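The next block holds one structure in the form of structure tokens; read it before the comments.
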Amino acid sequence: MAATFNAIGITVADMAATLEFYRLLGLSFAAEDDAEGHVEWEGPGGVRVMFDTVSVIHSFDPGWEPPVGGPAMSLAFECATPAEVDATVAEVAQAGFTVHREPWDAFWGQRYATVLDPDGNRVDLFAWT
């Protein structure tokens with residue numbers, strides 16, 4: 001039997017800041033999740049995004065260290081319209097998070113932007129034009 005893709009794991013330094021950021025992008029979390037060490041969000045088709053604090057990771061992998069040399073992965077969120085890309089980027093910036101690349105009209109037919117979550121992971125926002 002073949003393995004089935006089920007989840008993406010993201011290690012976070014500050015759970016509350018991370019969940020605040022992803023709430024701005026439409027993911028739902030209970031307020032009490034901000035104080036947890038492990039939080040999951042389940043998307044369409046049952047694929048999960050799992051957020052774990054460094055202390056939780058160290059509880060089962062004591063030698064874990066953050067990767068060096070920059071992010072090796074990114075996430076992408078589709079917006080309904082190009083204007084929603086612009087509005088979401090503005091909301092992220094207003095909330096104090098980093099905009100890595102302001103919205104632009106990409107040659108492949110999308111309005112595109114890149115923001116950074118609190119741990120420096122790249123999160124792309126796009127809408128088809």
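Labels used: A, B, ... for chains in the order of the structure tokens, numbers from 1 for residues in each chain, and numbers from 1 for ligands as shown.
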
May I have the residues within 12 Å of A:Glu42 as a PDB file with C-alpha atoms, in the first residue's frame, using only C-alpha atoms and disregarding those fewer than 2 positions away in the same chain?
```
ATOM      1  CA  ASN A   6      -1.696  13.990   4.880  1.00  0.00           C
ATOM      2  CA  ALA A   7      -0.007  16.981   6.508  1.00  0.00           C
ATOM      3  CA  ILE A   8       2.521  19.810   6.405  1.00  0.00           C
ATOM      4  CA  LEU A  27      -7.445  29.975   8.688  1.00  0.00           C
ATOM      5  CA  SER A  28      -9.593  29.518  11.792  1.00  0.00           C
ATOM      6  CA  PHE A  29      -8.206  28.765  15.231  1.00  0.00           C
ATOM      7  CA  VAL A  39      -2.148  23.194  16.776  1.00  0.00           C
ATOM      8  CA  GLU A  40      -3.652  21.776  13.590  1.00  0.00           C
ATOM      9  CA  PRO A  44     -10.147  20.664   1.989  1.00  0.00           C
ATOM     10  CA  GLY A  45      -9.692  16.962   1.446  1.00  0.00           C
ATOM     11  CA  GLY A  46      -8.441  16.461   4.998  1.00  0.00           C
ATOM     12  CA  VAL A  47      -4.885  17.739   4.463  1.00  0.00           C
ATOM     13  CA  ARG A  48      -3.633  19.271   7.694  1.00  0.00           C
ATOM     14  CA  VAL A  49      -1.225  22.061   8.512  1.00  0.00           C
ATOM     15  CA  MET A  50       0.413  21.299  11.856  1.00  0.00           C
ATOM     16  CA  PHE A  51       2.078  24.036  13.884  1.00  0.00           C
TER      17      PHE A  51
END
```

Would you list the contacts of A:Glu91 as a PDB file with all heavy atoms, in the first residue's frame, taking every protein, DNA or RNA residue within 10 Å and counting only C-alpha atoms, but skipping same-chain residues closer than 6 positions in sequence?
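Result file follows (out_20.pdb):
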```pdb
ATOM      1  N   PHE A  21      -1.028  35.589  12.397  1.00  0.00           N
ATOM      2  CA  PHE A  21      -0.684  35.749  10.989  1.00  0.00           C
ATOM      3  C   PHE A  21      -1.593  34.898  10.098  1.00  0.00           C
ATOM      4  O   PHE A  21      -2.180  35.401   9.137  1.00  0.00           O
ATOM      5  CB  PHE A  21       0.784  35.359  10.775  1.00  0.00           C
ATOM      6  CG  PHE A  21       1.204  35.371   9.338  1.00  0.00           C
ATOM      7  CD1 PHE A  21       1.632  36.543   8.747  1.00  0.00           C
ATOM      8  CD2 PHE A  21       1.188  34.207   8.581  1.00  0.00           C
ATOM      9  CE1 PHE A  21       2.025  36.562   7.409  1.00  0.00           C
ATOM     10  CE2 PHE A  21       1.580  34.217   7.252  1.00  0.00           C
ATOM     11  CZ  PHE A  21       1.997  35.395   6.658  1.00  0.00           C
ATOM     12  N   LEU A  24      -5.153  36.000   9.576  1.00  0.00           N
ATOM     13  CA  LEU A  24      -5.292  37.059   8.570  1.00  0.00           C
ATOM     14  C   LEU A  24      -5.477  36.483   7.174  1.00  0.00           C
ATOM     15  O   LEU A  24      -6.047  37.134   6.298  1.00  0.00           O
ATOM     16  CB  LEU A  24      -4.070  37.972   8.588  1.00  0.00           C
ATOM     17  CG  LEU A  24      -3.871  38.835   9.818  1.00  0.00           C
ATOM     18  CD1 LEU A  24      -2.507  39.522   9.780  1.00  0.00           C
ATOM     19  CD2 LEU A  24      -4.984  39.866   9.942  1.00  0.00           C
ATOM     20  N   LEU A  25      -5.001  35.262   6.961  1.00  0.00           N
ATOM     21  CA  LEU A  25      -5.111  34.607   5.659  1.00  0.00           C
ATOM     22  C   LEU A  25      -6.314  33.677   5.572  1.00  0.00           C
ATOM     23  O   LEU A  25      -6.459  32.943   4.600  1.00  0.00           O
ATOM     24  CB  LEU A  25      -3.821  33.846   5.355  1.00  0.00           C
ATOM     25  CG  LEU A  25      -2.554  34.711   5.360  1.00  0.00           C
ATOM     26  CD1 LEU A  25      -1.341  33.861   5.047  1.00  0.00           C
ATOM     27  CD2 LEU A  25      -2.672  35.874   4.402  1.00  0.00           C
ATOM     28  N   VAL A  85      -5.865  40.188  -3.256  1.00  0.00           N
ATOM     29  CA  VAL A  85      -4.431  40.038  -3.004  1.00  0.00           C
ATOM     30  C   VAL A  85      -3.904  41.328  -2.386  1.00  0.00           C
ATOM     31  O   VAL A  85      -3.254  41.320  -1.342  1.00  0.00           O
ATOM     32  CB  VAL A  85      -3.651  39.695  -4.301  1.00  0.00           C
ATOM     33  CG1 VAL A  85      -2.145  39.759  -4.062  1.00  0.00           C
ATOM     34  CG2 VAL A  85      -4.053  38.333  -4.834  1.00  0.00           C
ATOM     35  N   PHE A  97       3.322  42.461  10.189  1.00  0.00           N
ATOM     36  CA  PHE A  97       4.093  41.378   9.595  1.00  0.00           C
ATOM     37  C   PHE A  97       4.832  41.880   8.360  1.00  0.00           C
ATOM     38  O   PHE A  97       4.528  42.935   7.819  1.00  0.00           O
ATOM     39  CB  PHE A  97       3.187  40.188   9.267  1.00  0.00           C
ATOM     40  CG  PHE A  97       2.540  39.595  10.489  1.00  0.00           C
ATOM     41  CD1 PHE A  97       1.203  39.827  10.775  1.00  0.00           C
ATOM     42  CD2 PHE A  97       3.283  38.827  11.374  1.00  0.00           C
ATOM     43  CE1 PHE A  97       0.613  39.298  11.910  1.00  0.00           C
ATOM     44  CE2 PHE A  97       2.694  38.287  12.513  1.00  0.00           C
ATOM     45  CZ  PHE A  97       1.360  38.524  12.782  1.00  0.00           C
TER      46      PHE A  97
END
```

#### Entry: Backbone-only DSSP, helix (DSSP H, G or I) members of stretch 42-85 of chain A, as number ranges by chain
A: 44-46, 54-60, 82-85

### Message
For a test of reading the model, state the distance in Å between atom CA of A:Phe77 and atom CA of A:Val123, rounded to one decimal.
### Response
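For atom CA of A:Phe77 relative to atom CA of A:Val123, the distance reads 7.4 Å.
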
### Message
Which residues are near stretch 53-63 of chain A? Cut-off 8 Å, only C-alpha atoms, ignore same chain within fewer than 2 positions. Put them as a ChimeraX atom specification.
### Response
/A:11-15,37-38,51,65

Please dump the current selection as an mmCIF file, in the first residue's frame; keep N, CA and C atoms.
```cif
data_model
loop_
_atom_site.group_PDB
_atom_site.id
_atom_site.type_symbol
_atom_site.label_atom_id
_atom_site.label_comp_id
_atom_site.auth_asym_id
_atom_site.auth_seq_id
_atom_site.Cartn_x
_atom_site.Cartn_y
_atom_site.Cartn_z
ATOM 1 N N THR A 11 7.408 24.410 12.148
ATOM 2 C CA THR A 11 7.917 24.687 13.488
ATOM 3 C C THR A 11 7.868 26.194 13.704
ATOM 4 N N VAL A 12 7.356 26.601 14.880
ATOM 5 C CA VAL A 12 7.145 28.024 15.155
ATOM 6 C C VAL A 12 7.824 28.428 16.457
ATOM 7 N N ALA A 13 8.308 29.647 16.494
ATOM 8 C CA ALA A 13 8.911 30.180 17.715
ATOM 9 C C ALA A 13 7.849 30.736 18.659
ATOM 10 N N ASP A 14 6.777 31.310 18.113
ATOM 11 C CA ASP A 14 5.743 31.973 18.910
ATOM 12 C C ASP A 14 4.383 31.583 18.344
ATOM 13 N N MET A 15 3.695 30.664 19.030
ATOM 14 C CA MET A 15 2.429 30.146 18.517
ATOM 15 C C MET A 15 1.393 31.253 18.341
ATOM 16 N N GLY A 37 1.099 24.140 22.386
ATOM 17 C CA GLY A 37 2.374 23.802 21.767
ATOM 18 C C GLY A 37 2.213 23.142 20.416
ATOM 19 N N HIS A 38 1.031 22.545 20.167
ATOM 20 C CA HIS A 38 0.718 21.878 18.904
ATOM 21 C C HIS A 38 -0.696 22.274 18.501
ATOM 22 N N PHE A 51 1.159 23.052 13.338
ATOM 23 C CA PHE A 51 2.078 24.036 13.884
ATOM 24 C C PHE A 51 2.592 23.508 15.218
ATOM 25 N N GLU A 65 17.563 21.468 15.318
ATOM 26 C CA GLU A 65 17.973 22.857 15.165
ATOM 27 C C GLU A 65 17.280 23.420 13.931
#
```

For the strand (DSSP E or B) assignment from backbone DSSP, which residues of stretch 20-116 of chain A qualify? Please present them as a JSON list (two decimals) with N, CA and C atoms, in the first residue's frame.
```
[["chain", "number", "residue", "atom", "x", "y", "z"],
["A", 38, "HIS", "N", 1.03, 22.55, 20.17],
["A", 38, "HIS", "CA", 0.72, 21.88, 18.90],
["A", 38, "HIS", "C", -0.70, 22.27, 18.50],
["A", 39, "VAL", "N", -0.84, 22.79, 17.29],
["A", 39, "VAL", "CA", -2.15, 23.19, 16.78],
["A", 39, "VAL", "C", -2.25, 22.71, 15.34],
["A", 40, "GLU", "N", -3.44, 22.24, 14.96],
["A", 40, "GLU", "CA", -3.65, 21.78, 13.59],
["A", 40, "GLU", "C", -4.82, 22.51, 12.96],
["A", 41, "TRP", "N", -4.70, 22.72, 11.66],
["A", 41, "TRP", "CA", -5.80, 23.23, 10.84],
["A", 41, "TRP", "C", -6.03, 22.22, 9.74],
["A", 42, "GLU", "N", -7.27, 21.83, 9.53],
["A", 42, "GLU", "CA", -7.59, 20.85, 8.48],
["A", 42, "GLU", "C", -8.23, 21.56, 7.30],
["A", 48, "ARG", "N", -3.80, 18.45, 6.49],
["A", 48, "ARG", "CA", -3.63, 19.27, 7.69],
["A", 48, "ARG", "C", -2.36, 20.11, 7.62],
["A", 49, "VAL", "N", -2.42, 21.28, 8.24],
["A", 49, "VAL", "CA", -1.22, 22.06, 8.51],
["A", 49, "VAL", "C", -1.04, 21.98, 10.02],
["A", 50, "MET", "N", 0.13, 21.49, 10.43],
["A", 50, "MET", "CA", 0.41, 21.30, 11.86],
["A", 50, "MET", "C", 1.46, 22.31, 12.28],
["A", 51, "PHE", "N", 1.16, 23.05, 13.34],
["A", 51, "PHE", "CA", 2.08, 24.04, 13.88],
["A", 51, "PHE", "C", 2.59, 23.51, 15.22],
["A", 52, "ASP", "N", 3.92, 23.43, 15.37],
["A", 52, "ASP", "CA", 4.52, 22.95, 16.61],
["A", 52, "ASP", "C", 5.56, 23.95, 17.09],
["A", 53, "THR", "N", 5.53, 24.24, 18.38],
["A", 53, "THR", "CA", 6.55, 25.12, 18.95],
["A", 53, "THR", "C", 7.89, 24.37, 19.00],
["A", 74, "SER", "N", 7.56, 27.04, 0.87],
["A", 74, "SER", "CA", 6.63, 28.15, 1.00],
["A", 74, "SER", "C", 5.22, 27.59, 0.91],
["A", 75, "LEU", "N", 4.28, 28.38, 1.37],
["A", 75, "LEU", "CA", 2.87, 28.05, 1.24],
["A", 75, "LEU", "C", 2.24, 29.04, 0.28],
["A", 76, "ALA", "N", 1.12, 28.70, -0.31],
["A", 76, "ALA", "CA", 0.43, 29.61, -1.22],
["A", 76, "ALA", "C", -1.05, 29.63, -0.88],
["A", 77, "PHE", "N", -1.61, 30.83, -0.86],
["A", 77, "PHE", "CA", -3.03, 31.04, -0.60],
["A", 77, "PHE", "C", -3.64, 31.73, -1.82],
["A", 78, "GLU", "N", -4.70, 31.13, -2.35],
["A", 78, "GLU", "CA", -5.39, 31.72, -3.50],
["A", 78, "GLU", "C", -6.44, 32.70, -3.01],
["A", 98, "THR", "N", 5.80, 41.11, 7.89],
["A", 98, "THR", "CA", 6.68, 41.55, 6.81],
["A", 98, "THR", "C", 6.11, 41.22, 5.44],
["A", 99, "VAL", "N", 6.13, 42.21, 4.57],
["A", 99, "VAL", "CA", 5.81, 42.00, 3.16],
["A", 99, "VAL", "C", 7.14, 41.82, 2.44],
["A", 100, "HIS", "N", 7.34, 40.63, 1.90],
["A", 100, "HIS", "CA", 8.60, 40.33, 1.21],
["A", 100, "HIS", "C", 8.61, 40.90, -0.20],
["A", 101, "ARG", "N", 7.49, 40.76, -0.90],
["A", 101, "ARG", "CA", 7.36, 41.30, -2.25],
["A", 101, "ARG", "C", 5.96, 41.84, -2.43],
["A", 102, "GLU", "N", 5.87, 43.12, -2.70],
["A", 102, "GLU", "CA", 4.58, 43.78, -2.91],
["A", 102, "GLU", "C", 3.85, 43.14, -4.09],
["A", 103, "PRO", "N", 2.53, 43.26, -4.13],
["A", 103, "PRO", "CA", 1.77, 42.68, -5.24],
["A", 103, "PRO", "C", 2.25, 43.19, -6.61],
["A", 104, "TRP", "N", 2.28, 42.27, -7.56],
["A", 104, "TRP", "CA", 2.63, 42.62, -8.93],
["A", 104, "TRP", "C", 1.85, 41.71, -9.87],
["A", 105, "ASP", "N", 1.76, 42.11, -11.12],
["A", 105, "ASP", "CA", 1.09, 41.30, -12.12],
["A", 105, "ASP", "C", 2.12, 40.40, -12.79],
["A", 110, "GLN", "N", -1.18, 35.90, -13.06],
["A", 110, "GLN", "CA", -1.69, 36.02, -11.70],
["A", 110, "GLN", "C", -1.26, 37.36, -11.10],
["A", 111, "ARG", "N", -2.08, 37.88, -10.21],
["A", 111, "ARG", "CA", -1.67, 38.95, -9.30],
["A", 111, "ARG", "C", -0.98, 38.22, -8.16],
["A", 112, "TYR", "N", 0.24, 38.59, -7.80],
["A", 112, "TYR", "CA", 1.07, 37.78, -6.93],
["A", 112, "TYR", "C", 1.77, 38.66, -5.90],
["A", 113, "ALA", "N", 1.94, 38.14, -4.71],
["A", 113, "ALA", "CA", 2.69, 38.82, -3.66],
["A", 113, "ALA", "C", 3.26, 37.77, -2.73],
["A", 114, "THR", "N", 4.29, 38.15, -1.96],
["A", 114, "THR", "CA", 4.86, 37.24, -0.98],
["A", 114, "THR", "C", 5.01, 37.98, 0.34],
["A", 115, "VAL", "N", 4.50, 37.36, 1.40],
["A", 115, "VAL", "CA", 4.63, 37.87, 2.76],
["A", 115, "VAL", "C", 5.38, 36.83, 3.58],
["A", 116, "LEU", "N", 5.87, 37.23, 4.75],
["A", 116, "LEU", "CA", 6.59, 36.30, 5.61],
["A", 116, "LEU", "C", 5.82, 36.06, 6.88]]
```
